[in-house]
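Text of upload.csv (CSV, C-alpha atoms) as supplied:
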chain,number,residue,atom,x,y,z
A,579,MET,CA,23.7,-6.3,10.4
A,580,ASP,CA,23.7,-7.0,14.1
A,581,GLU,CA,20.4,-6.2,15.6
A,582,GLY,CA,21.4,-4.8,19.0
A,583,ARG,CA,23.7,-2.0,17.9
A,584,PRO,CA,23.2,1.1,15.8
A,585,ILE,CA,23.8,0.5,12.2
A,586,PHE,CA,26.0,3.6,11.7
A,587,GLN,CA,28.4,2.2,14.3
A,588,GLN,CA,28.6,-1.0,12.5
A,589,ILE,CA,29.4,0.8,9.2
A,590,ALA,CA,32.2,2.7,10.9
A,591,GLU,CA,33.6,-0.6,12.3
A,592,GLN,CA,33.5,-2.3,8.9
A,593,ILE,CA,35.4,0.6,7.3
A,594,GLU,CA,37.9,0.4,10.3
A,595,ASN,CA,38.3,-3.3,9.7
A,596,ASP,CA,39.1,-2.7,6.0
A,597,ILE,CA,41.7,-0.1,6.9
A,598,ILE,CA,43.3,-2.4,9.5
A,599,ALA,CA,43.3,-5.3,7.0
A,600,GLY,CA,44.9,-3.1,4.4
A,601,VAL,CA,41.9,-3.4,2.0
A,602,LEU,CA,41.7,0.4,2.2
A,603,ALA,CA,45.1,2.0,2.0
A,604,GLU,CA,46.1,5.4,3.3
A,605,ASP,CA,45.1,8.2,1.0
A,606,GLN,CA,42.9,5.8,-0.9
A,607,GLN,CA,39.3,6.9,-1.7
A,608,ILE,CA,36.6,4.9,0.1
A,609,PRO,CA,33.3,4.0,-1.6
A,610,SER,CA,30.6,6.8,-1.5
A,611,THR,CA,27.9,6.6,1.1
A,612,ASN,CA,25.4,5.8,-1.7
A,613,GLU,CA,27.5,2.9,-2.7
A,614,PHE,CA,27.7,1.7,0.9
A,615,ALA,CA,24.0,2.1,1.2
A,616,ALA,CA,23.2,0.1,-1.9
A,617,PHE,CA,25.7,-2.6,-1.1
A,618,LEU,CA,24.7,-3.1,2.5
A,619,ARG,CA,21.0,-2.4,1.8
A,620,ILE,CA,20.7,0.3,4.4
A,621,ASN,CA,19.5,3.9,4.4
A,622,PRO,CA,21.9,6.3,2.7
A,623,ALA,CA,21.6,8.7,5.6
A,624,THR,CA,22.6,6.0,8.0
A,625,ALA,CA,25.6,5.2,5.9
A,626,ALA,CA,26.6,8.8,5.8
A,627,LYS,CA,26.3,9.0,9.6
A,628,GLY,CA,28.8,6.0,9.9
A,629,VAL,CA,31.3,7.6,7.6
A,630,ASN,CA,31.0,11.0,9.4
A,631,LEU,CA,31.8,9.3,12.6
A,632,LEU,CA,35.2,8.4,11.2
A,633,VAL,CA,35.6,11.8,9.7
A,634,ASP,CA,35.1,13.4,13.1
A,635,ALA,CA,37.6,10.9,14.6
A,636,GLY,CA,40.2,11.9,11.9
A,637,ILE,CA,40.3,8.4,10.4
A,638,LEU,CA,38.9,9.7,7.1
A,639,TYR,CA,39.2,13.1,5.5
A,640,LYS,CA,37.0,14.8,3.0
A,641,LYS,CA,38.0,16.2,-0.3
A,642,ARG,CA,35.3,18.6,-1.4
A,643,GLY,CA,33.4,17.4,-4.5
A,644,ILE,CA,35.5,14.3,-4.7
A,645,GLY,CA,34.8,12.1,-1.8
A,646,MET,CA,36.2,10.5,1.4
A,647,PHE,CA,39.8,9.3,1.8
A,648,VAL,CA,41.7,7.3,4.4
A,649,ALA,CA,43.8,9.6,6.5
A,650,PRO,CA,47.6,9.1,6.8
A,651,GLY,CA,48.4,7.2,9.9
A,652,ALA,CA,44.8,5.9,10.2
A,653,LYS,CA,45.9,2.3,10.3
A,654,ASP,CA,48.4,2.7,13.1
A,655,ARG,CA,45.9,4.7,15.2
A,656,LEU,CA,43.2,2.1,14.7
A,657,VAL,CA,45.5,-0.8,15.6
A,658,ALA,CA,46.7,1.1,18.7
A,659,GLU,CA,43.0,1.7,19.8
A,660,ARG,CA,42.1,-1.9,19.2
A,661,ARG,CA,45.1,-3.2,21.1
A,662,GLU,CA,44.0,-1.1,24.1
A,663,ARG,CA,40.5,-2.6,23.9
A,664,PHE,CA,41.8,-6.2,23.3
A,665,SER,CA,42.0,-7.2,27.0
A,666,ALA,CA,38.6,-6.0,28.0
A,667,GLN,CA,36.9,-7.2,24.8
A,668,PHE,CA,38.5,-10.7,24.5
A,669,VAL,CA,40.5,-11.7,27.6
A,670,THR,CA,38.0,-10.7,30.3
A,671,PRO,CA,35.1,-12.7,28.8
A,672,LEU,CA,37.6,-15.6,28.2
A,673,LEU,CA,38.5,-15.7,31.8
A,674,GLN,CA,34.9,-15.4,32.9
A,675,GLU,CA,33.9,-18.4,30.9
A,676,ALA,CA,36.9,-20.3,32.0
A,677,ALA,CA,36.1,-19.6,35.6
A,678,LYS,CA,32.6,-20.9,35.1
A,679,LEU,CA,34.0,-24.1,33.7
A,680,GLY,CA,36.8,-24.4,36.2
A,681,ILE,CA,39.6,-24.0,33.7
A,682,ALA,CA,42.7,-22.7,35.4
A,683,PRO,CA,44.7,-19.8,33.9
A,684,ALA,CA,47.6,-22.1,33.4
A,685,GLU,CA,45.5,-24.4,31.3
A,686,ILE,CA,44.3,-21.5,29.2
A,687,ALA,CA,47.9,-20.4,28.7
A,688,ALA,CA,48.7,-24.0,27.5
A,689,MET,CA,45.8,-23.9,25.1
A,690,ILE,CA,46.9,-20.6,23.7
A,691,ARG,CA,50.4,-21.9,23.1
A,692,GLN,CA,48.9,-24.8,21.2
A,693,GLY,CA,47.1,-22.4,19.0
A,694,GLY,CA,43.7,-23.1,20.3
A,695,THR,CA,43.4,-26.7,19.2
A,696,ARG,CA,43.2,-29.5,21.7
B,1084,MET,CA,14.8,20.6,9.8
B,1085,ASN,CA,11.5,21.9,8.5
B,1086,PRO,CA,8.7,19.3,8.8
B,1087,ILE,CA,6.8,18.8,5.6
B,1088,VAL,CA,3.9,17.2,7.3
B,1089,GLU,CA,2.4,18.4,10.6
B,1090,ALA,CA,-0.5,16.6,12.1
B,1091,SER,CA,-2.0,17.7,15.3
B,1092,HIS,CA,-4.7,16.0,17.3
B,1093,LEU,CA,-5.8,14.2,14.1
B,1094,THR,CA,-8.9,12.1,14.6
B,1095,LYS,CA,-11.1,10.1,12.3
B,1096,ARG,CA,-14.3,8.7,13.7
B,1097,TYR,CA,-16.6,6.3,11.8
B,1098,ARG,CA,-20.0,5.5,13.2
B,1099,THR,CA,-18.8,3.1,15.8
B,1100,VAL,CA,-15.0,3.1,15.6
B,1101,THR,CA,-12.4,5.7,16.0
B,1102,ALA,CA,-9.8,4.7,13.4
B,1103,VAL,CA,-7.4,7.5,14.1
B,1104,ASP,CA,-7.5,8.8,17.7
B,1105,ASP,CA,-5.9,12.1,18.6
B,1106,VAL,CA,-2.6,11.6,16.8
B,1107,THR,CA,0.1,14.3,16.7
B,1108,PHE,CA,3.4,14.0,14.8
B,1109,THR,CA,5.6,15.7,12.2
B,1110,ILE,CA,7.4,14.3,9.2
B,1111,ASP,CA,10.7,15.7,8.1
B,1112,ALA,CA,11.9,16.1,4.5
B,1113,ASN,CA,14.1,13.5,2.9
B,1114,LYS,CA,13.7,10.7,5.4
B,1115,VAL,CA,12.4,7.2,5.1
B,1116,TYR,CA,9.6,6.5,7.6
B,1117,GLY,CA,8.1,3.2,8.6
B,1118,LEU,CA,4.4,3.3,9.5
B,1119,LEU,CA,3.9,0.2,11.4
B,1120,GLY,CA,1.0,-1.4,13.2
B,1121,ARG,CA,-1.3,-4.4,13.2
B,1122,ASN,CA,-4.2,-4.9,10.7
B,1123,GLY,CA,-6.9,-2.4,11.5
B,1124,ALA,CA,-4.6,-0.2,13.5
B,1125,GLY,CA,-5.4,2.8,11.4
B,1126,LYS,CA,-2.4,3.0,9.1
B,1127,THR,CA,-4.4,3.3,5.8
B,1128,THR,CA,-6.9,5.7,7.3
B,1129,LEU,CA,-4.0,7.9,8.5
B,1130,MET,CA,-2.4,7.9,5.1
B,1131,SER,CA,-5.8,8.7,3.5
B,1132,LEU,CA,-6.2,11.7,5.7
B,1133,LEU,CA,-2.7,13.0,5.0
B,1134,THR,CA,-3.3,12.7,1.2
B,1135,ALA,CA,-6.8,14.2,1.5
B,1136,GLN,CA,-8.5,11.1,0.2
B,1137,ASP,CA,-10.5,11.1,3.4
B,1138,PHE,CA,-11.5,13.9,5.7
B,1139,ALA,CA,-10.6,14.2,9.4
B,1140,SER,CA,-13.3,14.4,12.0
B,1141,ASP,CA,-11.1,16.5,14.2
B,1142,GLY,CA,-7.6,18.0,14.3
B,1143,GLU,CA,-5.4,19.6,11.8
B,1144,ILE,CA,-3.1,18.6,8.9
B,1145,ARG,CA,-0.5,20.7,7.2
B,1146,VAL,CA,1.3,19.2,4.2
B,1147,PHE,CA,4.1,21.4,2.8
B,1148,GLY,CA,2.7,24.0,5.1
B,1149,GLN,CA,-0.8,24.0,3.7
B,1150,SER,CA,-4.1,22.0,4.1
B,1151,PRO,CA,-4.0,19.2,1.5
B,1152,VAL,CA,-7.7,19.1,1.0
B,1153,GLU,CA,-8.6,20.0,-2.6
B,1154,ASN,CA,-5.2,21.6,-2.9
B,1155,ALA,CA,-3.6,20.7,-6.2
B,1156,LYS,CA,-0.4,22.5,-5.3
B,1157,VAL,CA,0.1,20.2,-2.4
B,1158,LEU,CA,-1.3,17.0,-4.0
B,1159,GLN,CA,0.9,17.1,-7.1
B,1160,ASN,CA,3.8,16.6,-4.8
B,1161,VAL,CA,2.3,13.6,-3.1
B,1162,SER,CA,2.1,10.1,-4.4
B,1163,PHE,CA,0.0,7.6,-2.5
B,1164,ILE,CA,0.3,4.0,-3.6
B,1165,ARG,CA,-2.6,2.1,-2.2
B,1166,GLU,CA,-2.6,-1.6,-1.5
B,1167,SER,CA,-5.8,-2.0,-3.5
B,1168,GLN,CA,-5.6,0.8,-6.1
B,1169,ARG,CA,-8.7,0.9,-8.4
B,1170,TYR,CA,-8.1,1.6,-12.1
B,1171,PRO,CA,-10.6,2.4,-14.8
B,1172,GLU,CA,-12.2,-0.6,-16.5
B,1173,ASP,CA,-10.1,-1.8,-19.5
B,1174,PHE,CA,-7.1,0.1,-18.4
B,1175,LYS,CA,-3.8,-1.4,-19.2
B,1176,ALA,CA,-0.5,-0.8,-17.4
B,1177,LYS,CA,0.7,1.2,-20.4
B,1178,HIS,CA,-2.2,3.6,-19.9
B,1179,VAL,CA,-1.3,4.0,-16.3
B,1180,LEU,CA,2.3,4.8,-17.2
B,1181,LYS,CA,1.1,7.2,-19.9
B,1182,SER,CA,-1.3,9.2,-17.7
B,1183,ALA,CA,1.1,9.3,-14.7
B,1184,PRO,CA,3.0,12.4,-15.9
B,1185,TRP,CA,-0.3,14.4,-15.9
B,1186,PHE,CA,-0.4,14.0,-12.1
B,1187,PHE,CA,3.3,13.9,-11.2
B,1188,PRO,CA,5.5,16.8,-12.5
B,1189,ASN,CA,8.7,14.9,-11.5
B,1190,TRP,CA,7.7,11.7,-13.5
B,1191,ASP,CA,10.7,10.0,-15.0
B,1192,ALA,CA,9.5,7.9,-18.0
B,1193,ASP,CA,12.9,6.3,-18.6
B,1194,PHE,CA,13.1,5.2,-15.1
B,1195,ALA,CA,9.6,3.8,-15.3
B,1196,GLU,CA,10.5,1.9,-18.5
B,1197,ARG,CA,13.6,0.3,-16.8
B,1198,LEU,CA,11.4,-0.7,-13.9
B,1199,VAL,CA,8.8,-2.3,-16.2
B,1200,ASP,CA,11.6,-4.4,-17.6
B,1201,GLU,CA,13.1,-5.3,-14.3
B,1202,PHE,CA,9.7,-6.3,-12.8
B,1203,ARG,CA,8.8,-8.0,-16.0
B,1204,LEU,CA,5.4,-6.2,-16.1
B,1205,PRO,CA,3.3,-7.0,-19.2
B,1206,THR,CA,2.1,-3.4,-20.1
B,1207,ASN,CA,-0.2,-4.5,-22.8
B,1208,ARG,CA,-2.6,-6.6,-20.7
B,1209,THR,CA,-5.7,-5.2,-19.0
B,1210,ILE,CA,-5.1,-4.6,-15.4
B,1211,LYS,CA,-8.0,-6.8,-14.4
B,1212,LYS,CA,-6.1,-9.7,-15.9
B,1213,LEU,CA,-2.8,-9.1,-14.1
B,1214,SER,CA,-1.8,-11.3,-11.2
B,1215,ARG,CA,-1.8,-9.9,-7.7
B,1216,GLY,CA,2.0,-9.5,-7.8
B,1217,GLN,CA,1.9,-7.8,-11.2
B,1218,LEU,CA,-0.7,-5.4,-9.9
B,1219,SER,CA,1.5,-4.6,-7.0
B,1220,ALA,CA,4.4,-4.0,-9.4
B,1221,VAL,CA,2.3,-1.4,-11.2
B,1222,GLY,CA,1.9,0.5,-7.9
B,1223,VAL,CA,5.6,0.2,-7.1
B,1224,ILE,CA,6.7,1.5,-10.5
B,1225,VAL,CA,4.3,4.4,-10.3
B,1226,GLY,CA,5.4,5.2,-6.7
B,1227,LEU,CA,9.1,5.1,-7.6
B,1228,ALA,CA,9.0,6.9,-11.0
B,1229,SER,CA,6.7,9.6,-9.8
B,1230,ARG,CA,9.5,10.9,-7.6
B,1231,ALA,CA,7.0,12.8,-5.5
B,1232,PRO,CA,8.6,14.7,-2.6
B,1233,LEU,CA,6.2,12.9,-0.4
B,1234,THR,CA,5.6,9.3,-1.3
B,1235,PHE,CA,3.4,6.8,0.6
B,1236,PHE,CA,3.5,3.1,0.0
B,1237,ASP,CA,0.7,1.2,1.7
B,1238,GLU,CA,1.8,-2.4,1.8
B,1239,PRO,CA,3.2,-2.3,-1.7
B,1240,TYR,CA,4.5,-5.8,-1.8
B,1241,LEU,CA,1.3,-8.0,-1.8
B,1242,GLY,CA,1.9,-10.9,-4.1
B,1243,LEU,CA,5.4,-9.8,-5.0
B,1244,ASP,CA,7.9,-12.6,-4.8
B,1245,ALA,CA,11.1,-12.3,-2.8
B,1246,VAL,CA,13.1,-11.3,-5.8
B,1247,ALA,CA,10.7,-8.5,-6.8
B,1248,ARG,CA,10.5,-7.2,-3.2
B,1249,GLN,CA,14.3,-7.0,-3.0
B,1250,LEU,CA,14.3,-5.3,-6.3
B,1251,PHE,CA,11.9,-2.7,-4.9
B,1252,TYR,CA,14.0,-2.1,-1.8
B,1253,ASP,CA,17.2,-1.8,-3.9
B,1254,ARG,CA,15.7,0.6,-6.5
B,1255,LEU,CA,14.1,2.7,-3.7
B,1256,LEU,CA,17.4,3.0,-1.9
B,1257,ALA,CA,19.4,3.9,-5.0
B,1258,ASP,CA,16.8,6.4,-6.2
B,1259,ILE,CA,16.3,8.2,-2.9
B,1260,ALA,CA,20.1,8.5,-2.7
B,1261,GLU,CA,20.1,10.4,-6.0
B,1262,HIS,CA,16.8,12.1,-5.6
B,1263,PRO,CA,16.2,12.7,-1.9
B,1264,ARG,CA,12.6,12.6,-0.9
B,1265,THR,CA,10.3,11.5,1.9
B,1266,VAL,CA,9.0,8.0,1.8
B,1267,ILE,CA,6.5,6.6,4.1
B,1268,LEU,CA,6.4,2.8,4.0
B,1269,SER,CA,3.5,1.0,5.7
B,1270,THR,CA,4.4,-2.6,6.0
B,1271,HIS,CA,4.1,-5.9,8.0
B,1272,LEU,CA,7.4,-7.2,6.7
B,1273,ILE,CA,9.3,-5.3,9.3
B,1274,ASP,CA,12.4,-7.5,9.2
B,1275,GLU,CA,12.8,-6.9,5.5
B,1276,VAL,CA,12.8,-3.1,5.8
B,1277,SER,CA,14.2,-2.4,9.2
B,1278,ASP,CA,17.6,-1.4,7.9
B,1279,LEU,CA,16.0,1.0,5.4
B,1280,LEU,CA,14.0,3.0,7.9
B,1281,GLU,CA,15.2,6.2,9.6
B,1282,HIS,CA,12.2,6.8,11.7
B,1283,VAL,CA,9.4,4.6,13.0
B,1284,LEU,CA,5.8,5.5,13.7
B,1285,LEU,CA,3.9,2.7,15.3
B,1286,ILE,CA,0.1,2.9,15.7
B,1287,ASP,CA,-2.1,0.7,17.6
B,1288,GLY,CA,-5.9,1.0,18.0
B,1289,GLY,CA,-5.7,4.4,16.2
B,1290,ARG,CA,-3.2,5.8,18.7
B,1291,LEU,CA,0.4,6.7,18.0
B,1292,ILE,CA,2.4,4.6,20.5
B,1293,VAL,CA,6.0,5.0,19.1
B,1294,ASP,CA,7.4,8.0,17.3
B,1295,SER,CA,11.1,7.5,17.4
B,1296,ASP,CA,14.1,7.4,15.1
B,1297,ALA,CA,15.1,3.9,14.1
B,1298,GLU,CA,18.6,4.0,15.6
B,1299,SER,CA,17.4,4.7,19.1
B,1300,LEU,CA,14.8,2.0,18.8
B,1301,ARG,CA,17.5,-0.5,18.1
B,1302,GLY,CA,18.7,-1.6,21.4
B,1303,SER,CA,15.8,0.0,23.2
B,1304,ALA,CA,14.8,-3.4,24.3
B,1305,THR,CA,16.7,-6.5,25.4
B,1306,THR,CA,15.8,-10.0,26.2
B,1307,VAL,CA,17.4,-11.6,29.3
B,1308,VAL,CA,17.5,-15.3,29.5
B,1309,GLY,CA,18.5,-17.6,32.3
B,1310,MET,CA,17.4,-19.3,35.5
B,1311,ARG,CA,14.1,-18.1,36.6
B,1312,SER,CA,15.2,-16.9,40.0
B,1313,THR,CA,18.3,-15.1,38.6
B,1314,VAL,CA,16.2,-13.4,35.9
B,1315,ASP,CA,13.5,-12.4,38.3
B,1316,GLU,CA,16.1,-10.8,40.6
B,1317,PHE,CA,17.6,-8.9,37.7
B,1318,VAL,CA,14.4,-7.6,36.2
B,1319,ALA,CA,12.8,-6.9,39.6
B,1320,ASP,CA,12.5,-3.1,39.3
B,1321,ARG,CA,12.4,-2.8,35.5
B,1322,GLU,CA,9.5,-2.4,33.2
B,1323,ILE,CA,8.7,-5.8,31.6
B,1324,LEU,CA,7.6,-5.8,28.0
B,1325,HIS,CA,7.3,-9.5,27.6
B,1326,ARG,CA,7.8,-12.7,29.7
B,1327,ASP,CA,8.2,-16.3,28.5
B,1328,GLY,CA,9.3,-19.3,30.4
B,1329,LEU,CA,10.1,-23.0,30.0
B,1330,GLY,CA,10.5,-25.0,33.2
B,1331,GLY,CA,13.1,-23.3,35.4
B,1332,LEU,CA,14.1,-21.0,32.5
B,1333,ALA,CA,12.8,-17.5,32.0
B,1334,SER,CA,13.1,-15.2,29.1
B,1335,VAL,CA,12.1,-11.6,29.9
B,1336,THR,CA,12.2,-8.6,27.6
B,1337,VAL,CA,13.0,-5.3,29.3
B,1338,GLY,CA,13.9,-1.8,28.2
B,1339,ARG,CA,17.3,-0.4,27.4
B,1340,LEU,CA,20.2,-1.8,29.4
B,1341,SER,CA,23.3,0.3,30.2
B,1342,PRO,CA,26.8,-1.2,29.7
B,1343,GLU,CA,26.9,-1.7,33.5
B,1344,ASP,CA,23.6,-3.5,33.5
B,1345,ARG,CA,24.9,-5.7,30.7
B,1346,ALA,CA,28.0,-6.5,32.6
B,1347,ALA,CA,26.0,-7.3,35.8
B,1348,ALA,CA,23.7,-9.6,33.8
B,1349,THR,CA,26.6,-11.4,32.2
B,1350,ALA,CA,28.4,-11.8,35.5
B,1351,ALA,CA,25.2,-13.3,37.0
B,1352,GLY,CA,25.3,-15.9,34.2
B,1353,LEU,CA,22.4,-14.4,32.2
B,1354,GLU,CA,22.3,-14.4,28.4
B,1355,ILE,CA,21.5,-11.1,26.7
B,1356,ALA,CA,19.9,-11.1,23.3
B,1357,PRO,CA,19.0,-8.1,21.2
B,1358,VAL,CA,15.4,-7.6,20.2
B,1359,SER,CA,14.7,-6.9,16.5
B,1360,LEU,CA,12.4,-4.1,15.4
B,1361,GLN,CA,9.9,-6.7,14.4
B,1362,ASP,CA,9.9,-8.4,17.8
B,1363,LEU,CA,9.7,-5.0,19.5
B,1364,VAL,CA,6.7,-4.1,17.5
B,1365,VAL,CA,5.0,-7.4,18.3
B,1366,ARG,CA,5.7,-6.9,22.0
B,1367,LEU,CA,4.6,-3.3,22.1
B,1368,THR,CA,1.4,-3.9,20.2
B,1369,ASN,CA,0.6,-6.9,22.4
B,1370,ALA,CA,1.3,-5.1,25.6
B,1371,SER,CA,-0.8,-2.1,24.8
B,1372,SER,CA,-3.8,-4.2,23.8
B,1373,LYS,CA,-3.5,-5.9,27.1
B,1374,GLU,CA,-3.5,-2.6,28.9
B,1375,PHE,CA,-6.4,-1.6,26.8
B,1376,GLN,CA,-8.4,-4.7,27.9
B,1377,ALA,CA,-7.4,-4.1,31.6
B,1378,SER,CA,-8.7,-0.6,31.6

Go through the file and emit its structure as structure tokens.
Amino acid sequence: MDEGRPIFQQIAEQIENDIIAGVLAEDQQIPSTNEFAAFLRINPATAAKGVNLLVDAGILYKKRGIGMFVAPGAKDRLVAERRERFSAQFVTPLLQEAAKLGIAPAEIAAMIRQGGTR
Amino acid sequence: MNPIVEASHLTKRYRTVTAVDDVTFTIDANKVYGLLGRNGAGKTTLMSLLTAQDFASDGEIRVFGQSPVENAKVLQNVSFIRESQRYPEDFKAKHVLKSAPWFFPNWDADFAERLVDEFRLPTNRTIKKLSRGQLSAVGVIVGLASRAPLTFFDEPYLGLDAVARQLFYDRLLADIAEHPRTVILSTHLIDEVSDLLEHVLLIDGGRLIVDSDAESLRGSATTVVGMRSTVDEFVADREILHRDGLGGLASVTVGRLSPEDRAAATAAGLEIAPVSLQDLVVRLTNASSKEFQAS
């Protein structure tokens, strides 16, 4: 677990990652909060808070007495959200670091075309 | 949520020291609390007061809504695992496990037996002859299997190896998930338990200096590292918890930073590092002792 951020947020992100990667398919049941807690060695209440974050966002839905399931369309929605954040999250810091080192945007573009290797 | 413990202006004075000094807090049902603080901060005294093994000089305690003193109805729902529990001479671990159900109505003998296997506890040896780690295992097993609605563990890990400590944390988590209850864990191994805790009580010099849920403590402090002049400029009007330096570099721990603060720090070329609960406790307890000396 990353120290600086609330654990429940990190749980939610891990579940999101699994949905985006296809590890958790739509309408598939996700592990119970107690299973998450035991696996990640965190407090069950914290795990539940992370899962509920995704229920509130409509990414997961609850079947009473059975458990939590991935909502239909969840993957597309998450991918769309992540795409929106992509620039701010990855491109801006890239450009900041490049500016610090005096790397011109054209050089960055060339690096990207080469797939990151030099 | 209804608090199951209410302490108000709780104070315990010994002849020359005030071990617990005007402490007020509540404890909610079914949460895991960390009771943190340095040696001699008053953790054990505080737990002894809450479990009526010691008497307060001042203030009031309510446990399950009643005074715990000489109150069997309250105390049968409380399990206090002391760091140095005394047992009757010639007692063996099997005697402890056999007598436990007399004190704890929720005692689960099967669970206790499984734990004995997992901790590899020799039940047929007199307790005097157990190693420090095995002695701690007896406490851990009693604390878990008693399933008391209010369970205190006072540094339960002394002498336990890393495998046994992890086993303790894993069994504790699994069992409270199935049988929710309140657990108060007093520990110095903060890094090991920080992800288990929901709420943190930090005491120092008998005073309660932090009473906060664990999630809001995470990220409540940040270390900013960079060139001294840049760091100094950035932290100028912030409360400084800790300062370190090496040559022209400075590393300063300050309170919570907003996303804008973070962006500004990064733009100024400063590195931002999170502060773990353990570091935060170290810094807070150092700071307050300095203030104490200054006053």

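Of note, CA of Arg1121 in chain B and CA of Asp1237 in chain B are spaced 12.9 Å apart.
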
Residue list for chain A near chain B as a ChimeraX atom specification, 8 Å, all atoms listed in the file: /A:581-585,612,615-616,619-624,674

Asp1287 in chain B environment, 7 Å, only C-alpha atoms, sequence neighbours closer than 4 positions dropped, as a VMD selection string: chain B and resid 1120 to 1121 1124 1291 to 1292 1368

Separation of CA of Tyr1170 in chain B from CA of Val1103 in chain B in Å: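 Pair CA of Val1103 in chain B / CA of Tyr1170 in chain B returns 26.9 Å.
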
Distance in Å - CA of Ala1176 in chain B versus CA of Asp1200 in chain B: 12.6 Å

Best match for closeness to Gln588 in chain A among A:Leu602, A:Glu613, A:Gln692, A:Leu632, counting all atoms listed in the file: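 Nearest to Gln588 in chain A: A:Leu632.
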
Within 12 Å of Glu659 in chain A, counting all atoms listed in the file, which residues show up once you throw out same-chain ones fewer than 5 positions away? Write them as a PDB file with C-alpha atoms, in the coordinates of the input, please.
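Output file part-v1.pdb is given in full below:
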ATOM      1  CA  GLU A 594      37.900   0.400  10.300  1.00  0.00           C
ATOM      2  CA  ILE A 598      43.300  -2.400   9.500  1.00  0.00           C
ATOM      3  CA  ALA A 635      37.600  10.900  14.600  1.00  0.00           C
ATOM      4  CA  ILE A 637      40.300   8.400  10.400  1.00  0.00           C
ATOM      5  CA  ALA A 652      44.800   5.900  10.200  1.00  0.00           C
ATOM      6  CA  LYS A 653      45.900   2.300  10.300  1.00  0.00           C
ATOM      7  CA  ASP A 654      48.400   2.700  13.100  1.00  0.00           C
ATOM      8  CA  PHE A 664      41.800  -6.200  23.300  1.00  0.00           C
ATOM      9  CA  SER A 665      42.000  -7.200  27.000  1.00  0.00           C
ATOM     10  CA  GLN A 667      36.900  -7.200  24.800  1.00  0.00           C
TER      11      GLN A 667
END

Exercise: Glu1238 in chain B partners within 6 Å, only C-alpha atoms, chain neighbours under 2 positions left out, as a list of chain:residue names: B:Glu1166, B:Tyr1240, B:Ser1269, B:Thr1270

Ala626 in chain A environment, 10 Å, all atoms listed in the file, sequence neighbours closer than 6 positions dropped, as an NGL selection string: :A and (586 or 589-590 or 610-612 or 614-615)

Given only C-alpha atoms as the counted atoms, nearest of A:Val669, A:Ala684, A:Ala649, A:Leu679 to Ile608 in chain A: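 Result for the nearest residue to Ile608 in chain A: A:Ala649.
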
Selected residue of minimal separation from Leu1285 in chain B among B:Ala1333, B:Leu1129, B:Ala1319, B:Ala1220, counting only C-alpha atoms: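 Counting only C-alpha atoms, the residue closest to Leu1285 in chain B is B:Leu1129.
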